[in-house]
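Text of model35.csv, listed as CSV, C-alpha atoms and all ligand atoms:
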chain,number,residue,atom,x,y,z
I,1,SER,CA,121.7,94.7,51.0
I,2,SER,CA,123.7,92.1,52.9
I,3,MET,CA,125.1,94.9,55.1
I,4,LEU,CA,123.4,95.3,58.5
I,5,GLY,CA,123.8,98.5,60.6
I,6,MET,CA,124.7,98.4,64.3
I,7,VAL,CA,124.6,101.5,66.5
I,8,GLY,CA,127.0,100.8,69.3
I,9,GLY,CA,130.4,99.1,69.6
I,10,GLY,CA,130.4,97.1,72.9
I,11,GLN,CA,130.6,93.4,73.5
I,12,LEU,CA,126.9,92.9,72.7
I,13,GLY,CA,127.6,94.4,69.3
I,14,ARG,CA,130.7,92.2,68.8
I,15,MET,CA,128.7,89.0,69.6
I,16,PHE,CA,126.0,90.2,67.2
I,17,VAL,CA,128.6,90.7,64.4
I,18,HIS,CA,129.9,87.2,64.9
I,19,GLU,CA,126.4,85.7,64.5
I,20,ALA,CA,125.5,88.0,61.6
I,21,GLN,CA,128.7,87.0,59.7
I,22,ALA,CA,127.9,83.3,60.3
I,23,LEU,CA,124.5,83.9,58.7
I,24,GLY,CA,126.1,85.5,55.6
I,25,PHE,CA,125.7,89.2,56.5
I,26,LYS,CA,128.2,92.0,56.8
I,27,VAL,CA,128.0,94.6,59.5
I,28,THR,CA,128.8,98.3,59.7
I,29,VAL,CA,129.3,99.6,63.3
I,30,LEU,CA,128.7,103.2,64.3
I,31,GLU,CA,130.8,103.8,67.4
I,32,PRO,CA,132.8,106.8,68.6
I,33,GLU,CA,135.4,104.9,70.5
I,34,ALA,CA,138.4,103.5,68.5
I,35,GLY,CA,139.2,99.9,69.0
I,36,SER,CA,135.9,98.9,70.5
I,37,PRO,CA,135.0,95.2,70.7
I,38,ALA,CA,132.4,95.4,67.9
I,39,ALA,CA,134.4,97.6,65.6
I,40,HIS,CA,137.2,95.0,65.7
I,41,ALA,CA,134.9,92.3,64.5
I,42,ALA,CA,132.8,94.3,62.0
I,43,ASP,CA,133.2,94.6,58.3
I,44,ALA,CA,133.2,98.4,58.5
I,45,HIS,CA,133.4,101.0,61.2
I,46,ILE,CA,132.1,104.5,61.2
I,47,GLN,CA,133.9,106.3,64.0
I,48,ALA,CA,131.6,109.1,65.1
I,49,ALA,CA,129.1,110.0,67.8
I,50,TYR,CA,125.7,108.2,67.8
I,51,ASP,CA,123.9,111.4,66.9
I,52,ASP,CA,126.3,112.7,64.3
I,53,ALA,CA,124.2,113.6,61.3
I,54,THR,CA,126.8,112.9,58.6
I,55,ALA,CA,127.7,109.5,60.2
I,56,LEU,CA,124.0,108.5,60.3
I,57,GLN,CA,123.7,109.5,56.7
I,58,LYS,CA,126.7,107.3,55.8
I,59,LEU,CA,125.2,104.4,57.8
I,60,ALA,CA,121.8,104.8,56.1
I,61,GLU,CA,123.5,104.7,52.7
I,62,ALA,CA,125.4,101.5,53.5
I,63,CYS,CA,122.6,99.5,55.1
I,64,ALA,CA,118.9,98.7,54.7
I,65,SER,CA,118.2,97.5,58.3
I,66,PHE,CA,119.5,98.7,61.6
I,67,THR,CA,119.7,97.7,65.2
I,68,THR,CA,121.4,98.8,68.4
I,69,GLU,CA,123.3,97.1,71.2
I,70,PHE,CA,122.8,99.4,74.1
I,71,GLU,CA,119.7,101.2,75.4
I,72,ASN,CA,121.0,104.7,75.7
I,73,VAL,CA,121.5,105.3,72.0
I,74,PRO,CA,119.6,108.5,71.2
I,75,ALA,CA,116.1,107.5,70.1
I,76,SER,CA,116.3,110.4,67.6
I,77,SER,CA,119.1,108.5,65.8
I,78,LEU,CA,117.0,105.4,65.4
I,79,ALA,CA,114.1,107.6,64.2
I,80,LYS,CA,116.4,109.2,61.6
I,81,LEU,CA,117.5,105.7,60.3
I,82,ALA,CA,113.9,104.6,60.1
I,83,GLU,CA,113.3,107.3,57.4
I,84,THR,CA,115.2,105.2,54.9
I,85,GLY,CA,115.4,101.7,56.4
I,86,PHE,CA,114.0,99.1,58.8
I,87,VAL,CA,114.9,99.7,62.4
I,88,ALA,CA,114.4,96.9,65.0
I,89,PRO,CA,113.6,97.6,67.7
I,90,SER,CA,111.9,100.9,66.9
I,91,ALA,CA,112.8,104.2,68.4
I,92,ALA,CA,109.4,104.2,70.2
I,93,CYS,CA,110.1,100.8,71.8
I,94,VAL,CA,113.7,101.8,72.8
I,95,SER,CA,112.4,105.1,74.3
I,96,ILE,CA,110.1,103.2,76.7
I,97,ALA,CA,113.0,101.2,78.0
I,98,GLN,CA,115.3,104.3,78.3
I,99,ASP,CA,113.1,105.8,81.0
I,100,ARG,CA,112.1,104.0,84.2
I,101,ILE,CA,109.0,106.2,84.5
I,102,GLU,CA,107.7,105.3,81.1
I,103,GLU,CA,108.8,101.7,81.5
I,104,LYS,CA,106.9,101.3,84.8
I,105,ALA,CA,103.8,103.1,83.3
I,106,PHE,CA,103.9,100.5,80.5
I,107,PHE,CA,104.2,97.6,82.9
I,108,THR,CA,101.3,99.0,84.9
I,109,ARG,CA,99.1,99.6,81.9
I,110,CYS,CA,99.7,96.0,80.8
I,111,ALA,CA,99.2,94.5,84.3
I,112,PRO,CA,95.5,93.6,83.7
I,113,GLN,CA,96.7,91.3,80.9
I,114,THR,CA,100.0,90.1,82.5
I,115,GLY,CA,98.9,89.9,86.1
I,116,ILE,CA,102.3,91.4,87.1
I,117,LEU,CA,103.0,94.9,88.5
I,118,PRO,CA,106.2,96.8,89.0
I,119,ALA,CA,107.5,97.6,92.5
I,120,PRO,CA,105.5,100.2,94.4
I,121,HIS,CA,107.2,103.5,93.5
I,122,ALA,CA,107.0,107.3,93.3
I,123,VAL,CA,108.2,109.6,90.6
I,124,LEU,CA,110.5,112.4,91.8
I,125,ARG,CA,110.9,115.3,89.4
I,126,THR,CA,111.2,118.3,91.8
I,127,ALA,CA,111.8,118.8,95.6
I,128,GLU,CA,108.0,119.3,95.9
I,129,ASP,CA,107.4,115.6,94.9
I,130,LEU,CA,109.3,114.6,98.0
I,131,GLU,CA,106.4,115.7,100.2
I,132,LYS,CA,104.0,113.3,98.5
I,133,VAL,CA,106.2,110.2,99.0
I,134,SER,CA,104.4,107.6,101.1
I,135,ALA,CA,106.1,106.3,104.2
I,136,ASP,CA,105.6,102.7,103.2
I,137,LEU,CA,108.1,103.1,100.3
I,138,PHE,CA,110.9,103.0,103.0
I,139,PRO,CA,113.4,101.4,103.0
I,140,GLY,CA,113.7,102.2,99.3
I,141,ILE,CA,116.0,102.5,96.4
I,142,LEU,CA,116.4,105.8,94.6
I,143,LYS,CA,117.1,105.2,90.9
I,144,THR,CA,117.8,107.8,88.2
I,145,ALA,CA,115.0,107.6,85.7
I,146,ARG,CA,117.4,107.5,82.8
I,147,MET,CA,121.0,106.2,82.0
I,148,GLY,CA,121.4,103.8,84.9
I,149,TYR,CA,122.9,100.4,84.4
I,150,ASP,CA,124.9,97.9,86.6
I,151,GLY,CA,123.4,99.5,89.6
I,152,LYS,CA,125.0,102.9,88.8
I,153,GLY,CA,123.0,105.9,89.8
I,154,GLN,CA,121.2,104.0,92.6
I,155,VAL,CA,121.1,105.0,96.3
I,156,ARG,CA,119.5,103.0,99.1
I,157,VAL,CA,117.6,105.2,101.5
I,158,LYS,CA,116.1,104.1,104.8
I,159,SER,CA,114.2,107.3,105.7
I,160,MET,CA,112.7,110.5,104.3
I,161,GLU,CA,115.7,112.3,105.6
I,162,GLU,CA,118.2,110.1,103.7
I,163,LEU,CA,115.9,110.4,100.6
I,164,CYS,CA,116.0,114.2,100.7
I,165,THR,CA,119.8,114.2,101.0
I,166,ALA,CA,120.3,111.7,98.2
I,167,PHE,CA,117.8,113.5,95.9
I,168,ALA,CA,119.4,116.9,96.6
I,169,ASN,CA,122.9,115.4,95.8
I,170,LEU,CA,121.6,114.4,92.3
I,171,LYS,CA,120.9,118.1,91.6
I,172,GLY,CA,117.7,118.1,89.6
I,173,VAL,CA,118.0,114.6,88.0
I,174,VAL,CA,114.6,113.0,87.6
I,175,CYS,CA,114.3,109.9,89.7
I,176,VAL,CA,112.1,107.1,90.9
I,177,LEU,CA,112.0,105.9,94.5
I,178,GLU,CA,111.2,102.2,94.6
I,179,LYS,CA,110.2,100.2,97.7
I,180,MET,CA,112.9,97.8,98.6
I,181,LEU,CA,111.3,94.4,98.2
I,182,PRO,CA,112.2,91.1,100.0
I,183,LEU,CA,113.6,89.2,97.0
I,184,ALA,CA,113.8,85.4,97.1
I,185,TYR,CA,115.6,85.3,93.7
I,186,GLU,CA,115.8,87.1,90.4
I,187,ILE,CA,114.9,85.8,86.9
I,188,SER,CA,114.9,87.2,83.4
I,189,VAL,CA,112.9,86.2,80.4
I,190,LEU,CA,114.3,86.6,76.9
I,191,VAL,CA,111.7,87.0,74.2
I,192,ALA,CA,112.0,87.7,70.5
I,193,ARG,CA,109.5,88.8,68.0
I,194,GLY,CA,109.7,88.9,64.2
I,195,ALA,CA,108.5,91.5,61.8
I,196,ASP,CA,105.5,89.2,61.0
I,197,GLY,CA,104.4,89.2,64.7
I,198,GLN,CA,105.6,85.7,65.5
I,199,ALA,CA,107.2,85.5,68.9
I,200,VAL,CA,109.3,83.0,70.7
I,201,VAL,CA,110.3,82.9,74.4
I,202,TYR,CA,113.4,81.3,75.9
I,203,PRO,CA,113.6,79.3,79.1
I,204,ILE,CA,113.7,81.2,82.4
I,205,ALA,CA,117.1,82.4,83.4
I,206,GLU,CA,118.0,82.8,87.1
I,207,ASN,CA,120.4,85.7,87.9
I,208,VAL,CA,122.6,86.4,90.8
I,209,HIS,CA,124.0,90.0,91.1
I,210,ARG,CA,127.0,91.2,93.0
I,211,ASP,CA,127.5,94.8,93.8
I,212,GLY,CA,124.7,95.6,91.3
I,213,ILE,CA,126.4,93.7,88.5
I,214,LEU,CA,125.3,90.4,87.0
I,215,PHE,CA,127.5,87.6,88.5
I,216,THR,CA,126.0,84.4,87.3
I,217,THR,CA,123.0,83.2,85.2
I,218,THR,CA,121.8,79.6,85.7
I,219,VAL,CA,119.4,77.9,83.3
I,220,PRO,CA,117.3,76.0,84.1
I,221,SER,CA,116.5,78.2,87.1
I,222,PRO,CA,117.0,76.1,90.2
I,223,HIS,CA,114.2,77.9,92.0
I,224,VAL,CA,111.4,78.9,89.7
I,225,SER,CA,108.1,77.0,90.0
I,226,ALA,CA,106.4,75.8,86.8
I,227,ASP,CA,103.6,78.3,87.7
I,228,ALA,CA,105.9,81.3,88.0
I,229,ALA,CA,107.8,80.3,84.8
I,230,LEU,CA,104.6,80.1,82.8
I,231,LYS,CA,103.3,83.3,84.2
I,232,THR,CA,106.4,85.4,83.4
I,233,GLN,CA,106.9,83.8,80.0
I,234,ASN,CA,103.3,84.6,79.1
I,235,ALA,CA,103.7,88.2,80.5
I,236,ALA,CA,106.8,88.6,78.3
I,237,LEU,CA,104.9,87.5,75.2
I,238,LYS,CA,102.0,89.9,76.0
I,239,LEU,CA,104.4,92.9,76.7
I,240,ILE,CA,106.4,92.4,73.5
I,241,ALA,CA,103.2,92.2,71.3
I,242,ASP,CA,101.6,95.2,73.0
I,243,ILE,CA,104.2,97.6,71.7
I,244,ASN,CA,104.6,95.8,68.4
I,245,TYR,CA,108.3,95.2,69.2
I,246,VAL,CA,110.6,93.6,66.6
I,247,GLY,CA,113.8,92.0,67.8
I,248,VAL,CA,115.1,90.5,71.1
I,249,LEU,CA,113.8,91.9,74.4
I,250,CYS,CA,114.9,90.9,77.9
I,251,ILE,CA,112.6,91.4,80.8
I,252,GLU,CA,113.8,91.2,84.4
I,253,PHE,CA,111.5,90.0,87.2
I,254,PHE,CA,111.8,89.6,91.0
I,255,VAL,CA,110.3,86.7,92.7
I,256,LEU,CA,109.5,87.7,96.3
I,257,GLN,CA,109.8,85.6,99.5
I,258,ASP,CA,106.0,85.1,99.5
I,259,GLY,CA,106.2,83.7,95.9
I,260,SER,CA,104.7,86.7,94.2
I,261,VAL,CA,106.2,88.1,91.0
I,262,VAL,CA,107.2,91.7,90.3
I,263,VAL,CA,108.5,93.1,87.0
I,264,ASN,CA,111.7,95.2,87.4
I,265,GLU,CA,112.9,96.5,84.0
I,266,MET,CA,113.5,95.6,80.4
I,267,ALA,CA,116.4,95.9,78.0
I,268,PRO,CA,115.6,96.5,74.3
I,269,ARG,CA,118.3,94.2,73.0
I,270,PRO,CA,120.1,91.0,73.6
I,271,HIS,CA,121.1,90.9,77.3
I,272,ASN,CA,124.0,89.7,79.5
I,273,SER,CA,121.6,87.1,81.1
I,274,GLY,CA,121.0,85.7,77.6
I,275,HIS,CA,124.6,84.9,76.8
I,276,TYR,CA,124.0,81.3,77.8
I,277,THR,CA,121.9,81.0,74.6
I,278,ILE,CA,125.1,81.1,72.5
I,279,ASP,CA,126.3,77.8,73.7
I,280,ALA,CA,123.3,76.2,75.2
I,281,CYS,CA,120.4,76.8,72.7
I,282,VAL,CA,119.7,76.0,69.1
I,283,THR,CA,119.5,79.7,68.2
I,284,SER,CA,121.4,82.3,70.2
I,285,GLN,CA,119.9,85.6,71.2
I,286,PHE,CA,122.3,87.3,68.7
I,287,ALA,CA,121.3,85.1,65.8
I,288,GLN,CA,117.7,85.8,66.8
I,289,GLN,CA,118.3,89.5,66.6
I,290,VAL,CA,119.9,89.1,63.1
I,291,ARG,CA,116.9,87.1,61.9
I,292,ALA,CA,114.3,89.6,63.3
I,293,MET,CA,115.9,92.7,61.7
I,294,ALA,CA,116.5,90.9,58.4
I,295,ARG,CA,112.9,89.7,58.4
I,296,LEU,CA,113.9,86.1,58.4
I,297,PRO,CA,112.0,83.4,60.3
I,298,LEU,CA,113.0,83.2,64.0
I,299,GLY,CA,115.0,80.2,65.1
I,300,ASP,CA,114.3,77.4,67.6
I,301,VAL,CA,114.8,78.5,71.2
I,302,ARG,CA,115.3,75.0,72.6
I,303,GLN,CA,118.0,74.6,75.2
I,304,HIS,CA,120.0,71.5,74.6
I,305,SER,CA,122.2,71.6,77.7
I,306,PRO,CA,122.0,72.8,81.2
I,307,CYS,CA,124.2,75.9,81.6
I,308,VAL,CA,125.8,78.3,84.1
I,309,MET,CA,127.2,81.6,82.8
I,310,LEU,CA,129.9,83.4,84.9
I,311,ASN,CA,130.7,87.0,84.1
I,312,ILE,CA,134.4,87.9,84.0
I,313,LEU,CA,135.1,91.4,85.3
I,314,GLY,CA,138.4,93.2,85.0
I,315,ASP,CA,139.2,92.8,88.7
I,316,ILE,CA,140.8,89.4,88.3
I,317,TRP,CA,143.5,91.0,86.1
I,318,PHE,CA,144.8,92.8,89.2
I,319,ASP,CA,147.1,91.2,91.8
I,320,GLY,CA,147.4,94.3,94.1
I,321,ASP,CA,148.9,96.8,91.7
I,322,VAL,CA,150.3,94.2,89.3
I,323,VAL,CA,148.3,93.5,86.1
I,324,ARG,CA,148.5,89.9,84.9
I,325,GLN,CA,146.6,87.6,82.6
I,326,PRO,CA,144.1,85.3,84.4
I,327,ALA,CA,145.0,81.5,84.2
I,328,TRP,CA,142.8,80.7,81.2
I,329,ASP,CA,144.8,77.5,80.6
I,330,LYS,CA,143.6,76.1,83.9
I,331,VAL,CA,140.0,77.2,83.3
I,332,LEU,CA,140.0,75.6,79.9
I,333,ALA,CA,141.1,72.3,81.4
I,334,LEU,CA,137.6,72.1,82.9
I,335,PRO,CA,135.6,70.0,80.4
I,336,SER,CA,132.4,72.1,80.4
I,337,ALA,CA,134.1,75.6,80.2
I,338,HIS,CA,133.5,77.7,77.1
I,339,LEU,CA,135.4,81.0,77.3
I,340,HIS,CA,134.3,84.2,75.6
I,341,LEU,CA,136.6,87.2,75.8
I,342,TYR,CA,135.5,90.5,74.4
I,343,GLY,CA,138.8,91.8,73.1
I,344,LYS,CA,138.8,94.9,75.3
I,345,ALA,CA,142.1,96.7,75.2
I,346,GLU,CA,142.5,97.4,78.9
I,347,ALA,CA,141.2,95.6,82.0
I,348,ARG,CA,139.5,97.8,84.6
I,349,ARG,CA,137.9,96.9,87.9
I,350,ALA,CA,134.1,96.2,87.5
I,351,ARG,CA,134.5,96.2,83.7
I,352,LYS,CA,132.9,93.3,81.8
I,353,MET,CA,135.8,91.6,80.0
I,354,GLY,CA,134.2,88.4,79.0
I,355,HIS,CA,132.1,85.5,80.3
I,356,ILE,CA,132.4,81.7,80.6
I,357,THR,CA,129.6,79.3,80.0
I,358,PHE,CA,129.7,75.9,81.6
I,359,ILE,CA,127.8,73.5,79.4
I,360,ALA,CA,127.4,70.1,80.9
I,361,THR,CA,125.0,67.1,80.8
I,362,SER,CA,123.8,68.0,84.3
I,363,LEU,CA,123.3,71.4,86.0
I,364,GLU,CA,125.2,70.1,89.0
I,365,GLN,CA,128.3,69.5,87.0
I,366,ALA,CA,128.1,72.9,85.3
I,367,GLN,CA,127.7,74.5,88.8
I,368,ASP,CA,130.6,72.5,90.2
I,369,GLU,CA,132.9,73.5,87.4
I,370,MET,CA,131.8,77.1,87.7
I,371,ARG,CA,132.9,77.0,91.3
I,372,GLN,CA,136.2,75.4,90.4
I,373,ALA,CA,136.8,78.2,87.8
I,374,CYS,CA,136.1,80.8,90.5
I,375,VAL,CA,138.7,79.2,92.7
I,376,ILE,CA,141.2,79.2,89.8
I,377,LEU,CA,140.5,82.8,89.0
I,378,GLY,CA,140.4,84.1,92.5
I,379,ILE,CA,136.7,85.0,92.4
I,380,ALA,CA,135.0,84.6,95.8
I,381,VAL,CA,132.5,81.7,95.5
V,401,LIG,P1,121.0,96.6,84.9
V,401,LIG,O1,120.3,97.4,83.8
V,401,LIG,O2,122.5,96.4,84.7
V,401,LIG,O3,120.3,95.2,85.2
V,401,LIG,P2,120.2,98.7,86.7
V,401,LIG,O4,121.2,99.7,87.1
V,401,LIG,O5,119.2,99.1,85.7
V,401,LIG,O6,120.9,97.3,86.3
V,401,LIG,P3,118.2,97.4,88.4
V,401,LIG,O7,118.1,96.2,87.6
V,401,LIG,O8,117.0,98.2,88.5
V,401,LIG,O9,119.4,98.3,88.0
V,401,LIG,O10,118.7,97.0,89.9
V,401,LIG,C1,119.9,96.3,90.1
V,401,LIG,C2,119.7,95.3,91.1
V,401,LIG,O11,119.4,95.9,92.4
V,401,LIG,C3,118.6,94.3,90.9
V,401,LIG,O12,119.0,93.3,90.0
V,401,LIG,C4,118.3,93.8,92.3
V,401,LIG,O13,119.2,92.9,92.7
V,401,LIG,C5,118.4,95.1,93.1
V,401,LIG,N1,117.1,95.8,93.2
V,401,LIG,C6,116.7,96.7,92.3
V,401,LIG,N2,115.5,97.2,92.7
V,401,LIG,C7,115.1,96.6,93.8
V,401,LIG,C8,114.0,96.6,94.7
V,401,LIG,N3,113.0,97.4,94.4
V,401,LIG,N4,114.0,95.8,95.7
V,401,LIG,C9,115.0,95.0,96.0
V,401,LIG,N5,116.1,94.9,95.2
V,401,LIG,C10,116.2,95.7,94.1
V,402,MG,MG,118.7,98.5,83.8
V,403,MG,MG,118.5,95.2,86.0
Rewrite the structure from the file as structure tokens, please.
Amino acid sequence: SSMLGMVGGGQLGRMFVHEAQALGFKVTVLEPEAGSPAAHAADAHIQAAYDDATALQKLAEACASFTTEFENVPASSLAKLAETGFVAPSAACVSIAQDRIEEKAFFTRCAPQTGILPAPHAVLRTAEDLEKVSADLFPGILKTARMGYDGKGQVRVKSMEELCTAFANLKGVVCVLEKMLPLAYEISVLVARGADGQAVVYPIAENVHRDGILFTTTVPSPHVSADAALKTQNAALKLIADINYVGVLCIEFFVLQDGSVVVNEMAPRPHNSGHYTIDACVTSQFAQQVRAMARLPLGDVRQHSPCVMLNILGDIWFDGDVVRQPAWDKVLALPSAHLHLYGKAEARRARKMGHITFIATSLEQAQDEMRQACVILGIAV
């Protein structure tokens, strides 16, 4: 069948649809929300909950292979689709990434091969677990074990007292407490693996976050040493093979002030920090996902231009209480700017509305034009 099944209707699904269509496929999207970014672009839309049995049946009848675009899709839905078709990544792989406890256990189990550990942490299931928390995890970050993204569900705690209050406020939600680490910078490694076990790894991306949300991605990374780059890329290849993962996987790492590397988390799908691959690499992360799930050969990951990616949040639509269109005409006058808007019906603060990639012959020019765009759009540089 030339019809691919996508569970989820957000911007990642939309960019996947575009690449799938360019490769000659059609896409059916399962998404409860009407007018979502991916449903607009897709060939067919099943409007129902991600775990709706009838909808899953319909999707299974329409397609032979399936993928997802956000990590909180019920793993049981992916398992259901796997009864009749090929699901990439598998429910088992997605489950690991859905739970910080399992994810950290996976990273720790693989550490003898990768040489990279997660941050020191404690698992908090009940109030009794608080008593066992070691004092050297403070100051720390309390994170919900499941469902967190863009820094949501995270509380910074300086003391045992603050931890107890924050944990009590979460009313029985399972959490991890992580030691707050002295970060020098953050990187992510995008890796893809085909059904035949062949894997490819993209260049290191350097990420800057603001208020817990990705702000910019710069590739090549201005800071990473050749040593740290090789170490994290090899770790990503070991991790993806260990769980027999098929598809695109993004792994986030912290580089600390002493130069050591810590693994933070992984996303079982194309990732915001990989959007630069659309304009700057031979094969984009979305095309790679299509190839993996359709059991086609993976494409060349070579980056042909230095790139800075700037996320566009809904905040810039607001001038006080007045809603207005950002000055895209002025941004598009910058020679390196490539605008991607996600077609979301309504701008909201902190909502990802689009991104701009700056594709230049030098990284300096890309960075310079990114800053000019920030000035034009009223984004603090
Ligand atoms: P997303 O999935 O959108 O990347 P998230 O909600 O899953 O975000 P994390 O990636 O775990 O959250 O954390 C968000 C950011 O908070 C990190 O990118 C980093 O800047 C900071 N952070 C998280 N954990 C630590 C830590 N242990 N020490 C220092 N900073 C941290
Ligand atoms: Mg996350
Ligand atoms: Mg993260």
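With only C-alpha atoms and all ligand atoms as the basis for measurement, I:Asp99 is the residue among I:Asp99, I:Glu19, I:Asp300, I:Asp196 that approaches ligand LIG 401 (chain V) most closely.
Reported to one decimal place, the separation of CA of Ser362 in chain I from CA of Val248 in chain I is 27.5 Å.
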Cut-off 8 Å: closest range 251-318 of chain I/range 341-360 of chain I atom pairs per residue, using only C-alpha atoms, as a Markdown table:
| residue | atom | partner | partner_atom | distance |
| --- | --- | --- | --- | --- |
| I:Tyr276 | CA | I:Thr357 | CA | 6.3 |
| I:Asp279 | CA | I:Thr357 | CA | 7.3 |
| I:Ala280 | CA | I:Ile359 | CA | 6.7 |
| I:Ser305 | CA | I:Ile359 | CA | 6.2 |
| I:Pro306 | CA | I:Ala360 | CA | 6.0 |
| I:Cys307 | CA | I:Ile359 | CA | 4.9 |
| I:Val308 | CA | I:Phe358 | CA | 5.2 |
| I:Met309 | CA | I:Thr357 | CA | 4.3 |
| I:Leu310 | CA | I:Ile356 | CA | 5.3 |
| I:Asn311 | CA | I:His355 | CA | 4.3 |
| I:Ile312 | CA | I:His355 | CA | 5.0 |
| I:Leu313 | CA | I:Lys352 | CA | 4.5 |
| I:Gly314 | CA | I:Arg349 | CA | 4.7 |
| I:Asp315 | CA | I:Arg349 | CA | 4.4 |
| I:Trp317 | CA | I:Ala347 | CA | 6.6 |
Could you give me the residues within 10 Å of ligand LIG 401 (chain V), counting all atoms listed in the file, as a ChimeraX atom specification?
/I:71,98,100,118-121,137,139-154,156,177-188,207-214,251-254,256,262-267,271-273
Quick one: distance from CA of Cys175 in chain I to CA of Glu128 in chain I in Å, one decimal?
12.9 Å
Shortest interatomic distance to Val246 in chain I - which of I:Pro335, I:Gly115, I:Pro32, I:Pro89, counting only C-alpha atoms
I:Pro89
Select, from I:Asp43, I:Asp51, I:Glu103, I:Glu83, the residue with the minimum atom-to-atom distance to Phe25 in chain I, counting all atoms listed in the file.
I:Asp43
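For range 11-13 of chain I, the list of residues within 6 Å, based on all atoms listed in the file and with local chain neighbours fewer than 3 positions off taken out, reads Phe16, Pro37, Ala38, Glu69 and Tyr342 of chain I.
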What lies within 12 Å of Pro112 in chain I using all atoms listed in the file, ignoring chain neighbours under 5 positions off, as number ranges by chain?
I: 106-107, 117, 235, 238-239
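For the residues I:Cys250, I:Ala44, I:Leu124, I:Ala111, ranking by smallest atom-to-atom distance to ligand MG 402 (chain V) using only C-alpha atoms and all ligand atoms places I:Cys250 first.
For Val201 in chain I, the non-local neighbours within 9 Å, defined as residues at least 5 positions apart in the same chain or in other chains and counting only C-alpha atoms, are Val189, Leu190, Val191, Ala192, Arg193, Gln233, Asn234, Ala236, Leu237 and Val301 of chain I.
Of note, CA of Cys164 in chain I and CA of Ser95 in chain I are spaced 28.2 Å apart.
Proximity of I:Arg302, I:Arg125, I:Lys231, I:Arg269 to ligand MG 402 (chain V), computed with only C-alpha atoms and all ligand atoms, is greatest for I:Arg269.
Each of I:Ala48, I:Val219, I:Ala97, I:Ala82 was checked against ligand MG 402 (chain V) using all atoms listed in the file; the smallest atom-to-atom distance is that of I:Ala97.
Surrounding residues of (115.3, 109.5, 56.8) at most 12 Å away are Ala53, Leu56, Gln57, Lys58, Leu59, Ala60, Glu61, Ala64, Ser76, Ser77, Leu78, Ala79, Lys80, Leu81, Ala82, Glu83, Thr84, Gly85, Phe86 and Val87 of chain I (based on only C-alpha atoms).
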Could you rebuild range 352-364 of chain I with N, CA and C atoms and give it back as a JSON list (two decimals), in the frame of the given file?
[["chain", "number", "residue", "atom", "x", "y", "z"],
["I", 352, "LYS", "N", 133.19, 94.65, 82.37],
["I", 352, "LYS", "CA", 132.90, 93.30, 81.80],
["I", 352, "LYS", "C", 133.90, 93.01, 80.71],
["I", 353, "MET", "N", 134.74, 92.00, 80.94],
["I", 353, "MET", "CA", 135.80, 91.60, 80.00],
["I", 353, "MET", "C", 135.46, 90.40, 79.17],
["I", 354, "GLY", "N", 134.56, 89.60, 79.71],
["I", 354, "GLY", "CA", 134.20, 88.40, 79.00],
["I", 354, "GLY", "C", 133.22, 87.56, 79.88],
["I", 355, "HIS", "N", 132.92, 86.36, 79.44],
["I", 355, "HIS", "CA", 132.10, 85.50, 80.30],
["I", 355, "HIS", "C", 132.54, 84.03, 79.96],
["I", 356, "ILE", "N", 132.21, 83.13, 80.88],
["I", 356, "ILE", "CA", 132.40, 81.70, 80.60],
["I", 356, "ILE", "C", 131.10, 81.00, 80.78],
["I", 357, "THR", "N", 130.77, 80.17, 79.80],
["I", 357, "THR", "CA", 129.60, 79.30, 80.00],
["I", 357, "THR", "C", 130.08, 77.93, 80.32],
["I", 358, "PHE", "N", 129.40, 77.31, 81.26],
["I", 358, "PHE", "CA", 129.70, 75.90, 81.60],
["I", 358, "PHE", "C", 128.53, 75.09, 81.11],
["I", 359, "ILE", "N", 128.85, 74.26, 80.13],
["I", 359, "ILE", "CA", 127.80, 73.50, 79.40],
["I", 359, "ILE", "C", 128.07, 72.04, 79.70],
["I", 360, "ALA", "N", 127.15, 71.46, 80.45],
["I", 360, "ALA", "CA", 127.40, 70.10, 80.90],
["I", 360, "ALA", "C", 126.11, 69.24, 80.65],
["I", 361, "THR", "N", 126.21, 67.94, 80.97],
["I", 361, "THR", "CA", 125.00, 67.10, 80.80],
["I", 361, "THR", "C", 124.11, 67.23, 82.04],
["I", 362, "SER", "N", 124.66, 67.70, 83.18],
["I", 362, "SER", "CA", 123.80, 68.00, 84.30],
["I", 362, "SER", "C", 124.11, 69.38, 84.85],
["I", 363, "LEU", "N", 123.10, 70.01, 85.44],
["I", 363, "LEU", "CA", 123.30, 71.40, 86.00],
["I", 363, "LEU", "C", 124.31, 71.30, 87.13],
["I", 364, "GLU", "N", 124.28, 70.20, 87.90],
["I", 364, "GLU", "CA", 125.20, 70.10, 89.00],
["I", 364, "GLU", "C", 126.65, 70.12, 88.58]]
